[in-house]
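Heads up, the thing below is written out as structure tokens.
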There are 2 protein chains.
Amino acid sequence: MRTVRITAVEAEDQQFPLTGGAGSDAVHTSPVYAYAVCRLKTDAGFDGVGIAFTLGTGNEIVCLAVKHLAQSLIGRELYELMSRFGAEFAALTDSPAYRWLGPHKGVVHLALASIVNACFDLWAKAEGVPLWRLLLDRSPEEILSLLDFRYVEDVLTKEEALEILRAGQTGRAERETVLQSGYRGYDTSVGWFEYPDEAVMENTKRAMEKGFTAMKLKVGSADPERDIRRAELIRKTAGDAATIMVDANQQWTLHKALEVIRRLRDIDPYWVEEPTDPDDVLAHQTLRRAFHPIRIALGEHVPNKVIFKNYLQAGALDINQVDAVRVGGISEFLLISLMSRKFGVPVIPHVGDMGQIHQHLVLYNHIALGHPHLFLEAIPHLRQYFRHPVRLENGYYAAPQVPGSSCDFVDGTV
Amino acid sequence: MRTVRITAVEAEDQQFPLTGGAGSDAVHTSPVYAYAVCRLKTDAGFDGVGIAFTLGTGNEIVCLAVKHLAQSLIGRELYELMSRFGAEFAALTDSPAYRWLGPHKGVVHLALASIVNACFDLWAKAEGVPLWRLLLDRSPEEILSLLDFRYVEDVLTKEEALEILRAGQTGRAERETVLQSGYRGYDTSVGWFEYPDEAVMENTKRAMEKGFTAMKLKVGSADPERDIRRAELIRKTAGDAATIMVDANQQWTLHKALEVIRRLRDIDPYWVEEPTDPDDVLAHQTLRRAFHPIRIALGEHVPNKVIFKNYLQAGALDINQVDAVRVGGISEFLLISLMSRKFGVPVIPHVGDMGQIHQHLVLYNHIALGHPHLFLEAIPHLRQYFRHPVRLENGYYAAPQVPGSSCDFVDGTV
């Protein structure tokens, strides 16, 4: 049997300034997009590359955590590591001193995401297949062995997860047709917070010309009138058939959210994203009850499976936007996807990775778990830096074909 | 008016290895106790010293965050800074790039705790009074101006907080008698996880000889029989009149907690601490409902006011163990104490600071907010490193008299 041994670990601080208001939202003005990169060097002639997403300042703190936390992987053999990755994940995340710094949240969990993603990238490269294919080729039992069920078994036992995975075999061939047809993306970049009205209109038109039928607007202004005006503008420009989402990036208090969402209903938003503080399960429960059938979406700032569990138990979200570069990487993403499947809540990830990893993961979720709503955010701003950037045609994501998780950067990027 | 200007910021990595099983629990074996120290140098001849507590490894990551995050304080004048500290706190914690690394949790929030605590320490030193006196001398309106109410006003408005503070004026003189009498401490160090049975018995006897009438046992063993045996042992040794708490340090799943707490009821524990994952509000709600009137205590790993808000709203805790070196320092501690007061939930802090800061804060909570249950954890292991360690007499904490928050270390500690 082939062996791939991890010989060294490098943490790389990759930063990409954006310009002209790109990436701006109600909370994060003039962001820099950055990755805390975990590079696993091997004796096999290729590296595993994992990423966690930050906004520039502080990225080096995550890199320092990556460097420390990944030390235990040096000398490990890949196939042995991945043969029971659920237990390896538990050991990494529960290393007592690092656990104290979370647990399972903040800088150390972002670092874990980067490391875990590097392991999966390495594995897919070793197998010579794209990540989605690697995952689809695993048996239900093998998938289970990649996951750490601790603290979620009160809502999802291993047996239930196995049932979901086995049930997913039915209809799979039919769902695999998306590997040819692609799946719908939505354009997040038409309405960044700092864009003037003219730019929002122009971008919306351009997005539709490119084939997008769904797009997102940043809201959460101090003055709700601005939100309403911009929302009406984009609805008018895109037409009644378009799918329009609005995203407040946590800016509203509960009281304010109740006030502004009530008014935003008129433009028929497909979802309202991150209306308030992402730790506030009960506030989202209140909002969901108040505004049903308008969907409440969140997840990009929810750090782990336990908090997602509470969101699902409380009936506090309609759209699960779990991000594999925020939670503990691909392993925890898959477990959260399984829980979400049980509760019938679609997973439509936030793409801190610009979709590079998630383009694989949503294919897996749809084909193997039977998640019905195959749909993914698209953000083009870092295309030039990835060796194999996501491909969208007519607003549709095409299944990536290159081995790995699509996280290699072009040479000389650092 | 006097001015004190912050001229420089230093982050210090203070580590103190423990020996012989001291500090061990079901999750954190052989810990090192460590502080990420924020030192604010001034033009006034004294420093502000703040701390956040970690378990050694990774402490340097928090120090790096302290160093970065505190840069904006350089050049600031203390009295101007503290005159509207609530807004300053909001600005520090919502600095967009750092906020992304939380928000309000993990490494960046620990760093914030250290920084905020240094500001309060500096203020008390500038006034020449111990922290408890500094706080007691503030008017209700001044206390309010120290707090950041954002995202909690749906359960505690500023007006309600003001009412609590004003109502606290009544009976205050009577409650101030504790400044002379002291208040009861409890001994956490009788039953660390790795201590053999004989040591637990011996320590319990010694604690009682010293005047303690309350003590804590670490549970959460893989084998529940060990927990039961040790719990029976400590109850038998301490007698029926003693207050015994048990602490699982998050080790149990919900299922396991239901099983083991049922059996631990026989030794009549005063509370069961951290039975399961600290993010799992709903699991604690289930446990509280299942075991009432046995108290569910937690808070040492709850990072911020919003999650405490959900715990209180959900009726998921009986004892609030908020720790000012885990949440965003003294400011956030006070806000959480106000919320907890409204819900009638006692605040009995976890002492990551070994009680150095909390000995002040519980005095304030009792005297000014009217929190009825004045009681505080005692852990002696770092006494030799603090310049003015907490004083306990006959198991009672004595009010500290030295200016500041008692966080100065003896010379040469670093």
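Order determines the names: the first chain of the structure tokens is A, the second B, and so forth; residues in each chain are numbered 1 upward, and ligands are numbered 1 upward as they are shown.
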
Once chain A has been least-squares superposed onto chain B, matching all their Cα atoms in order, can you return it as a short mmCIF file (atom, residue, chain, number, x, y, z; two decimals) with C-alpha atoms, in the first residue's frame?
data_model
loop_
_atom_site.label_atom_id
_atom_site.label_comp_id
_atom_site.auth_asym_id
_atom_site.auth_seq_id
_atom_site.Cartn_x
_atom_site.Cartn_y
_atom_site.Cartn_z
CA MET A 1 -7.43 67.59 37.19
CA ARG A 2 -4.85 64.86 37.39
CA THR A 3 -3.87 63.14 34.17
CA VAL A 4 -2.31 59.73 33.62
CA ARG A 5 -1.14 59.01 30.11
CA ILE A 6 -0.49 55.52 28.73
CA THR A 7 2.94 55.62 27.16
CA ALA A 8 3.55 52.00 26.17
CA VAL A 9 2.01 48.54 26.20
CA GLU A 10 3.78 45.32 27.07
CA ALA A 11 2.49 41.77 26.83
CA GLU A 12 4.11 39.33 29.27
CA ASP A 13 3.92 35.56 29.09
CA GLN A 14 3.84 34.36 32.72
CA GLN A 15 3.85 30.61 33.24
CA PHE A 16 3.73 28.66 36.51
CA PRO A 17 4.04 24.88 36.37
CA LEU A 18 2.07 23.03 39.04
CA THR A 19 3.14 19.79 40.60
CA GLY A 20 1.72 16.60 42.03
CA GLY A 21 -1.63 16.67 40.25
CA ALA A 22 -2.59 20.16 41.44
CA GLY A 23 -4.98 21.82 39.02
CA SER A 24 -5.85 18.58 37.24
CA ASP A 25 -9.38 17.92 36.13
CA ALA A 26 -11.21 15.51 33.84
CA VAL A 27 -10.26 17.48 30.75
CA HIS A 28 -7.14 19.40 31.66
CA THR A 29 -4.54 16.96 32.92
CA SER A 30 -1.22 18.21 34.35
CA PRO A 31 -1.91 21.87 33.64
CA VAL A 32 0.49 24.73 33.71
CA TYR A 33 -1.21 27.86 35.04
CA ALA A 34 -0.35 30.89 32.96
CA TYR A 35 -1.26 34.51 32.49
CA ALA A 36 -1.20 36.60 29.35
CA VAL A 37 -0.39 39.84 31.10
CA CYS A 38 -1.13 43.28 29.71
CA ARG A 39 1.07 45.96 31.25
CA LEU A 40 0.11 49.56 30.55
CA LYS A 41 3.11 51.80 31.19
CA THR A 42 2.32 55.40 32.07
CA ASP A 43 3.87 58.77 32.73
CA ALA A 44 2.63 58.58 36.33
CA GLY A 45 5.21 56.23 37.80
CA PHE A 46 2.96 53.17 38.05
CA ASP A 47 1.66 50.55 35.62
CA GLY A 48 -1.75 49.11 34.98
CA VAL A 49 -1.57 45.31 35.11
CA GLY A 50 -4.25 43.07 33.65
CA ILE A 51 -4.38 39.32 33.25
CA ALA A 52 -6.07 36.60 31.24
CA PHE A 53 -5.72 33.01 32.37
CA THR A 54 -4.57 30.12 30.17
CA LEU A 55 -3.06 26.68 30.64
CA GLY A 56 0.44 27.47 29.44
CA THR A 57 0.79 26.18 25.91
CA GLY A 58 -0.75 28.76 23.63
CA ASN A 59 -0.32 31.56 26.18
CA GLU A 60 2.04 33.27 23.75
CA ILE A 61 -0.76 33.35 21.17
CA VAL A 62 -2.88 35.35 23.59
CA CYS A 63 0.12 37.57 24.36
CA LEU A 64 0.54 38.31 20.66
CA ALA A 65 -3.13 39.28 20.50
CA VAL A 66 -2.73 41.52 23.58
CA LYS A 67 0.19 43.27 21.96
CA HIS A 68 -1.72 43.96 18.77
CA LEU A 69 -5.07 44.81 20.25
CA ALA A 70 -3.73 47.21 22.89
CA GLN A 71 -1.82 49.37 20.43
CA SER A 72 -4.70 51.81 20.18
CA LEU A 73 -4.35 52.64 23.89
CA ILE A 74 -0.88 54.08 23.52
CA GLY A 75 -1.03 57.83 24.04
CA ARG A 76 -4.50 57.71 25.61
CA GLU A 77 -5.24 59.57 28.84
CA LEU A 78 -6.68 57.33 31.54
CA TYR A 79 -9.49 59.50 32.89
CA GLU A 80 -10.69 60.39 29.44
CA LEU A 81 -10.55 56.68 28.54
CA MET A 82 -12.56 55.60 31.58
CA SER A 83 -15.09 58.43 31.28
CA ARG A 84 -16.96 56.49 28.57
CA PHE A 85 -15.39 53.09 28.76
CA GLY A 86 -18.47 51.30 27.44
CA ALA A 87 -17.91 52.91 24.06
CA GLU A 88 -14.17 52.27 24.23
CA PHE A 89 -14.90 48.62 25.00
CA ALA A 90 -17.22 48.41 21.98
CA ALA A 91 -14.56 49.95 19.75
CA LEU A 92 -11.89 47.53 20.97
CA THR A 93 -14.06 44.45 20.71
CA ASP A 94 -15.56 45.41 17.35
CA SER A 95 -12.35 46.36 15.61
CA PRO A 96 -13.43 44.58 12.39
CA ALA A 97 -10.47 42.34 11.65
CA TYR A 98 -10.13 41.16 15.27
CA ARG A 99 -13.88 40.76 15.51
CA TRP A 100 -13.68 38.29 12.65
CA LEU A 101 -11.43 36.11 14.82
CA GLY A 102 -14.24 35.77 17.37
CA PRO A 103 -16.51 37.54 17.51
CA HIS A 104 -16.12 38.10 21.23
CA LYS A 105 -14.63 34.73 22.03
CA GLY A 106 -11.46 32.70 22.07
CA VAL A 107 -7.98 34.17 21.93
CA VAL A 108 -8.97 37.71 20.96
CA HIS A 109 -11.50 37.94 23.77
CA LEU A 110 -9.02 36.59 26.32
CA ALA A 111 -6.64 39.29 25.10
CA LEU A 112 -9.37 41.87 25.52
CA ALA A 113 -9.93 40.68 29.10
CA SER A 114 -6.29 41.25 29.90
CA ILE A 115 -6.35 44.74 28.38
CA VAL A 116 -9.62 45.81 29.99
CA ASN A 117 -8.48 44.54 33.37
CA ALA A 118 -5.26 46.54 33.02
CA CYS A 119 -7.32 49.69 32.42
CA PHE A 120 -9.34 49.15 35.60
CA ASP A 121 -6.22 48.29 37.59
CA LEU A 122 -4.57 51.49 36.41
CA TRP A 123 -7.66 53.50 37.28
CA ALA A 124 -7.86 52.12 40.82
CA LYS A 125 -4.17 52.76 41.35
CA ALA A 126 -4.53 56.31 40.04
CA GLU A 127 -7.31 56.84 42.57
CA GLY A 128 -5.23 55.19 45.28
CA VAL A 129 -8.01 52.76 46.23
CA PRO A 130 -8.69 49.03 45.91
CA LEU A 131 -10.85 48.13 42.91
CA TRP A 132 -13.93 47.37 45.03
CA ARG A 133 -13.78 50.86 46.52
CA LEU A 134 -13.30 52.46 43.10
CA LEU A 135 -16.45 50.74 41.84
CA LEU A 136 -18.50 51.41 44.99
CA ASP A 137 -17.65 55.11 44.70
CA ARG A 138 -19.10 55.37 41.18
CA SER A 139 -22.64 56.62 40.73
CA PRO A 140 -25.16 54.36 38.95
CA GLU A 141 -24.78 56.53 35.85
CA GLU A 142 -21.00 56.25 35.95
CA ILE A 143 -21.22 52.47 36.21
CA LEU A 144 -23.59 52.42 33.24
CA SER A 145 -21.07 54.39 31.16
CA LEU A 146 -18.52 51.59 31.68
CA LEU A 147 -20.74 49.02 29.96
CA ASP A 148 -21.50 48.02 26.37
CA PHE A 149 -25.19 47.08 26.25
CA ARG A 150 -25.31 46.19 22.60
CA TYR A 151 -27.06 42.85 21.89
CA VAL A 152 -28.36 42.46 25.44
CA GLU A 153 -30.94 45.25 25.61
CA ASP A 154 -33.70 42.82 24.67
CA VAL A 155 -33.34 41.40 28.17
CA LEU A 156 -31.74 44.27 30.08
CA THR A 157 -32.22 47.88 29.02
CA LYS A 158 -30.04 50.66 30.36
CA GLU A 159 -33.07 51.90 32.26
CA GLU A 160 -33.52 48.53 33.96
CA ALA A 161 -29.84 48.41 34.81
CA LEU A 162 -30.12 51.87 36.33
CA GLU A 163 -33.07 50.70 38.40
CA ILE A 164 -31.07 47.76 39.72
CA LEU A 165 -28.18 50.06 40.59
CA ARG A 166 -30.48 52.55 42.30
CA ALA A 167 -32.35 49.86 44.17
CA GLY A 168 -28.96 48.66 45.35
CA GLN A 169 -28.56 51.86 47.38
CA THR A 170 -31.11 50.48 49.82
CA GLY A 171 -29.58 48.30 52.49
CA ARG A 172 -26.13 49.09 51.28
CA ALA A 173 -24.78 50.21 54.66
CA GLU A 174 -25.83 46.92 56.14
CA ARG A 175 -24.22 44.92 53.37
CA GLU A 176 -21.01 46.91 53.79
CA THR A 177 -20.45 45.13 57.08
CA VAL A 178 -18.88 42.35 55.02
CA LEU A 179 -15.96 44.72 54.52
CA GLN A 180 -15.16 43.95 58.15
CA SER A 181 -16.54 40.46 58.56
CA GLY A 182 -15.23 39.06 55.29
CA TYR A 183 -17.12 36.47 53.28
CA ARG A 184 -17.03 32.75 52.88
CA GLY A 185 -14.58 31.13 50.47
CA TYR A 186 -14.60 27.55 49.28
CA ASP A 187 -11.63 25.31 48.77
CA THR A 188 -11.25 23.97 45.22
CA SER A 189 -7.97 22.26 45.94
CA VAL A 190 -9.06 19.38 48.13
CA GLY A 191 -10.05 17.10 45.27
CA TRP A 192 -8.18 17.68 42.05
CA PHE A 193 -8.81 14.98 39.52
CA GLU A 194 -5.48 13.18 39.81
CA TYR A 195 -5.35 13.19 43.62
CA PRO A 196 -5.61 9.71 45.15
CA ASP A 197 -8.38 9.03 47.66
CA GLU A 198 -6.04 9.40 50.64
CA ALA A 199 -4.99 12.87 49.51
CA VAL A 200 -8.63 13.91 49.04
CA MET A 201 -9.42 12.79 52.60
CA GLU A 202 -6.33 14.43 54.02
CA ASN A 203 -6.96 17.68 52.13
CA THR A 204 -10.58 17.77 53.20
CA LYS A 205 -9.63 17.43 56.83
CA ARG A 206 -6.98 20.09 56.49
CA ALA A 207 -9.39 22.46 54.73
CA MET A 208 -11.86 22.07 57.58
CA GLU A 209 -9.15 22.72 60.13
CA LYS A 210 -8.39 25.93 58.28
CA GLY A 211 -12.02 26.96 58.66
CA PHE A 212 -13.44 26.04 55.26
CA THR A 213 -16.99 24.71 55.36
CA ALA A 214 -17.29 24.36 51.59
CA MET A 215 -15.14 22.50 49.10
CA LYS A 216 -15.12 21.12 45.58
CA LEU A 217 -14.41 17.74 44.07
CA LYS A 218 -13.37 17.10 40.47
CA VAL A 219 -15.48 14.42 38.81
CA GLY A 220 -15.99 13.39 35.18
CA SER A 221 -14.06 10.11 35.31
CA ALA A 222 -14.38 7.67 32.43
CA ASP A 223 -15.60 5.28 35.12
CA PRO A 224 -18.53 6.84 37.02
CA GLU A 225 -17.81 4.50 39.93
CA ARG A 226 -14.68 6.48 40.64
CA ASP A 227 -16.70 9.71 40.80
CA ILE A 228 -19.25 8.16 43.12
CA ARG A 229 -16.61 6.67 45.38
CA ARG A 230 -14.71 9.93 45.68
CA ALA A 231 -17.88 11.92 46.22
CA GLU A 232 -19.00 9.60 49.01
CA LEU A 233 -15.54 9.81 50.50
CA ILE A 234 -15.51 13.57 50.67
CA ARG A 235 -19.06 13.72 52.05
CA LYS A 236 -18.19 11.21 54.72
CA THR A 237 -14.98 13.01 55.61
CA ALA A 238 -16.50 16.50 55.65
CA GLY A 239 -19.77 15.54 57.29
CA ASP A 240 -23.38 16.36 56.49
CA ALA A 241 -23.08 20.05 57.33
CA ALA A 242 -20.36 20.76 54.77
CA THR A 243 -21.10 22.32 51.41
CA ILE A 244 -19.77 20.00 48.70
CA MET A 245 -19.66 20.93 45.02
CA VAL A 246 -18.77 18.56 42.19
CA ASP A 247 -17.17 19.71 38.95
CA ALA A 248 -17.11 17.65 35.75
CA ASN A 249 -15.21 20.22 33.68
CA GLN A 250 -17.39 19.59 30.59
CA GLN A 251 -16.37 15.97 30.42
CA TRP A 252 -19.84 14.43 30.19
CA THR A 253 -22.09 14.17 27.19
CA LEU A 254 -25.70 15.02 27.99
CA HIS A 255 -26.56 11.34 28.22
CA LYS A 256 -23.69 10.63 30.59
CA ALA A 257 -24.49 13.68 32.71
CA LEU A 258 -28.05 12.47 33.14
CA GLU A 259 -26.76 9.11 34.25
CA VAL A 260 -24.04 10.21 36.65
CA ILE A 261 -25.73 13.22 38.26
CA ARG A 262 -28.68 10.99 39.11
CA ARG A 263 -26.29 8.91 41.21
CA LEU A 264 -24.38 11.86 42.65
CA ARG A 265 -27.60 13.22 44.16
CA ASP A 266 -27.09 10.89 47.10
CA ILE A 267 -24.19 12.95 48.42
CA ASP A 268 -26.33 16.11 48.25
CA PRO A 269 -24.03 18.28 46.13
CA TYR A 270 -24.59 22.00 46.50
CA TRP A 271 -24.04 22.34 42.78
CA VAL A 272 -22.90 20.32 39.78
CA GLU A 273 -20.42 22.35 37.77
CA GLU A 274 -19.80 22.28 34.01
CA PRO A 275 -21.59 19.00 33.43
CA THR A 276 -21.19 19.19 29.64
CA ASP A 277 -20.07 21.34 26.71
CA PRO A 278 -20.18 25.01 27.74
CA ASP A 279 -21.70 26.07 24.39
CA ASP A 280 -24.65 23.77 24.87
CA VAL A 281 -27.31 26.02 26.38
CA LEU A 282 -30.10 23.56 25.65
CA ALA A 283 -28.33 20.58 27.22
CA HIS A 284 -27.92 22.57 30.43
CA GLN A 285 -31.57 23.54 30.26
CA THR A 286 -32.43 19.84 30.07
CA LEU A 287 -30.16 19.04 33.02
CA ARG A 288 -31.51 21.84 35.15
CA ARG A 289 -35.08 20.69 34.56
CA ALA A 290 -34.12 17.09 35.28
CA PHE A 291 -32.32 17.68 38.54
CA HIS A 292 -33.94 20.67 40.19
CA PRO A 293 -33.34 21.51 43.08
CA ILE A 294 -29.75 20.39 42.52
CA ARG A 295 -28.04 23.47 41.12
CA ILE A 296 -26.37 23.59 37.72
CA ALA A 297 -23.33 25.87 37.74
CA LEU A 298 -21.25 27.04 34.81
CA GLY A 299 -19.61 30.05 33.25
CA GLU A 300 -15.85 29.65 33.30
CA HIS A 301 -15.89 28.82 29.59
CA VAL A 302 -18.77 31.06 28.54
CA PRO A 303 -17.04 33.79 26.57
CA ASN A 304 -19.46 36.68 26.43
CA LYS A 305 -22.60 38.48 27.53
CA VAL A 306 -24.71 37.21 24.63
CA ILE A 307 -24.25 33.55 25.50
CA PHE A 308 -24.84 34.32 29.18
CA LYS A 309 -28.00 36.12 28.07
CA ASN A 310 -29.20 32.94 26.32
CA TYR A 311 -28.35 30.86 29.41
CA LEU A 312 -30.40 33.17 31.59
CA GLN A 313 -33.29 33.41 29.12
CA ALA A 314 -33.40 29.63 28.74
CA GLY A 315 -33.36 29.07 32.50
CA ALA A 316 -30.33 26.89 31.97
CA LEU A 317 -28.17 27.70 35.00
CA ASP A 318 -28.59 28.18 38.73
CA ILE A 319 -25.16 29.56 39.53
CA ASN A 320 -23.41 32.01 37.23
CA GLN A 321 -19.65 31.40 37.31
CA VAL A 322 -18.67 34.20 34.94
CA ASP A 323 -14.92 34.79 35.07
CA ALA A 324 -13.48 38.27 34.47
CA VAL A 325 -10.38 36.72 32.93
CA ARG A 326 -12.48 34.82 30.35
CA VAL A 327 -15.16 37.33 29.30
CA GLY A 328 -14.02 40.75 28.13
CA GLY A 329 -12.69 41.77 31.52
CA ILE A 330 -14.24 43.72 34.38
CA SER A 331 -16.56 45.76 32.15
CA GLU A 332 -18.30 42.73 30.66
CA PHE A 333 -18.26 40.99 34.05
CA LEU A 334 -20.25 43.86 35.55
CA LEU A 335 -22.81 43.82 32.73
CA ILE A 336 -23.27 40.07 33.06
CA SER A 337 -23.64 40.51 36.84
CA LEU A 338 -26.41 43.05 36.25
CA MET A 339 -28.23 40.70 33.87
CA SER A 340 -27.83 37.86 36.32
CA ARG A 341 -29.20 40.04 39.12
CA LYS A 342 -32.30 40.71 37.06
CA PHE A 343 -32.86 36.98 36.63
CA GLY A 344 -32.16 36.26 40.30
CA VAL A 345 -29.20 34.03 39.49
CA PRO A 346 -26.27 34.32 41.95
CA VAL A 347 -22.84 35.19 40.55
CA ILE A 348 -20.17 33.02 42.17
CA PRO A 349 -17.22 33.47 39.83
CA HIS A 350 -14.73 30.92 38.63
CA VAL A 351 -11.35 32.29 39.65
CA GLY A 352 -8.96 31.96 36.73
CA ASP A 353 -7.28 34.90 38.50
CA MET A 354 -6.93 32.87 41.73
CA GLY A 355 -9.43 35.31 43.21
CA GLN A 356 -7.15 38.33 42.94
CA ILE A 357 -9.64 40.40 40.91
CA HIS A 358 -12.81 38.57 41.85
CA GLN A 359 -12.34 39.24 45.57
CA HIS A 360 -13.07 42.86 44.60
CA LEU A 361 -15.85 42.15 42.13
CA VAL A 362 -18.00 39.98 44.40
CA LEU A 363 -17.81 42.68 47.06
CA TYR A 364 -19.11 45.16 44.52
CA ASN A 365 -21.83 42.78 43.31
CA HIS A 366 -23.02 42.17 46.86
CA ILE A 367 -22.83 45.69 48.22
CA ALA A 368 -23.89 47.71 45.17
CA LEU A 369 -26.09 45.31 43.19
CA GLY A 370 -27.50 43.47 46.17
CA HIS A 371 -26.43 40.05 44.91
CA PRO A 372 -27.39 37.94 47.90
CA HIS A 373 -24.96 35.06 47.82
CA LEU A 374 -21.45 36.29 48.67
CA PHE A 375 -19.21 33.30 48.20
CA LEU A 376 -15.95 32.77 46.31
CA GLU A 377 -13.70 30.01 45.09
CA ALA A 378 -10.20 29.82 46.62
CA ILE A 379 -7.17 28.26 44.92
CA PRO A 380 -3.84 28.73 46.69
CA HIS A 381 -1.37 27.46 44.11
CA LEU A 382 -0.07 30.81 42.83
CA ARG A 383 0.03 32.75 46.12
CA GLN A 384 3.76 33.14 46.09
CA TYR A 385 3.76 34.90 42.72
CA PHE A 386 1.35 37.72 43.54
CA ARG A 387 2.67 40.75 45.38
CA HIS A 388 -0.56 40.99 47.37
CA PRO A 389 -2.14 37.54 47.39
CA VAL A 390 -5.73 37.12 48.57
CA ARG A 391 -6.09 36.78 52.33
CA LEU A 392 -8.34 34.12 53.79
CA GLU A 393 -8.91 33.80 57.51
CA ASN A 394 -10.90 30.87 58.87
CA GLY A 395 -12.09 30.18 55.36
CA TYR A 396 -13.25 33.77 54.96
CA TYR A 397 -11.98 36.21 52.34
CA ALA A 398 -10.83 39.52 53.83
CA ALA A 399 -11.46 42.70 51.81
CA PRO A 400 -8.21 43.74 50.11
CA GLN A 401 -6.88 47.16 51.05
CA VAL A 402 -4.05 47.82 48.58
CA PRO A 403 -4.77 50.18 45.65
CA GLY A 404 -5.53 48.45 42.36
CA SER A 405 -6.96 45.07 41.36
CA SER A 406 -4.34 42.96 43.18
CA CYS A 407 -2.73 41.71 39.96
CA ASP A 408 0.84 42.86 40.48
CA PHE A 409 3.34 40.07 40.44
CA VAL A 410 6.36 39.87 42.73
CA ASP A 411 9.49 41.31 41.17
CA GLY A 412 11.34 38.99 38.89
CA THR A 413 8.38 36.71 38.30
CA VAL A 414 8.62 36.81 34.53
#

Checklist entry - Quick one: DSSP strand (DSSP E) residues in range 237-361 of chain B, as number ranges by chain? => result B: 243-247, 271-273, 295-298, 319-320

Item to check | DSSP-assigned alpha helix (DSSP H) members of range 137-170 of chain A, reported as a VMD selection string | outcome: chain A and resid 140 to 145 158 to 167

With C-alpha atoms retained, export the selected residues as a PDB file, in the first residue's frame.
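Result saved to again_37.pdb:
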ATOM      1  CA  PRO A 140     -20.985   5.340   4.851  1.00  0.00           C
ATOM      2  CA  GLU A 141     -18.837   3.680   7.526  1.00  0.00           C
ATOM      3  CA  GLU A 142     -15.698   5.366   6.242  1.00  0.00           C
ATOM      4  CA  ILE A 143     -17.412   8.758   6.309  1.00  0.00           C
ATOM      5  CA  LEU A 144     -18.531   8.091   9.880  1.00  0.00           C
ATOM      6  CA  SER A 145     -14.941   7.373  10.918  1.00  0.00           C
ATOM      7  CA  LYS A 158     -23.887   7.443  14.779  1.00  0.00           C
ATOM      8  CA  GLU A 159     -26.649   5.030  13.858  1.00  0.00           C
ATOM      9  CA  GLU A 160     -28.868   7.849  12.619  1.00  0.00           C
ATOM     10  CA  ALA A 161     -25.986   9.314  10.648  1.00  0.00           C
ATOM     11  CA  LEU A 162     -25.397   5.917   9.079  1.00  0.00           C
ATOM     12  CA  GLU A 163     -29.061   5.736   8.135  1.00  0.00           C
ATOM     13  CA  ILE A 164     -28.870   9.128   6.437  1.00  0.00           C
ATOM     14  CA  LEU A 165     -25.767   8.046   4.548  1.00  0.00           C
ATOM     15  CA  ARG A 166     -27.356   4.757   3.501  1.00  0.00           C
ATOM     16  CA  ALA A 167     -30.606   6.410   2.508  1.00  0.00           C
TER      17      ALA A 167
END
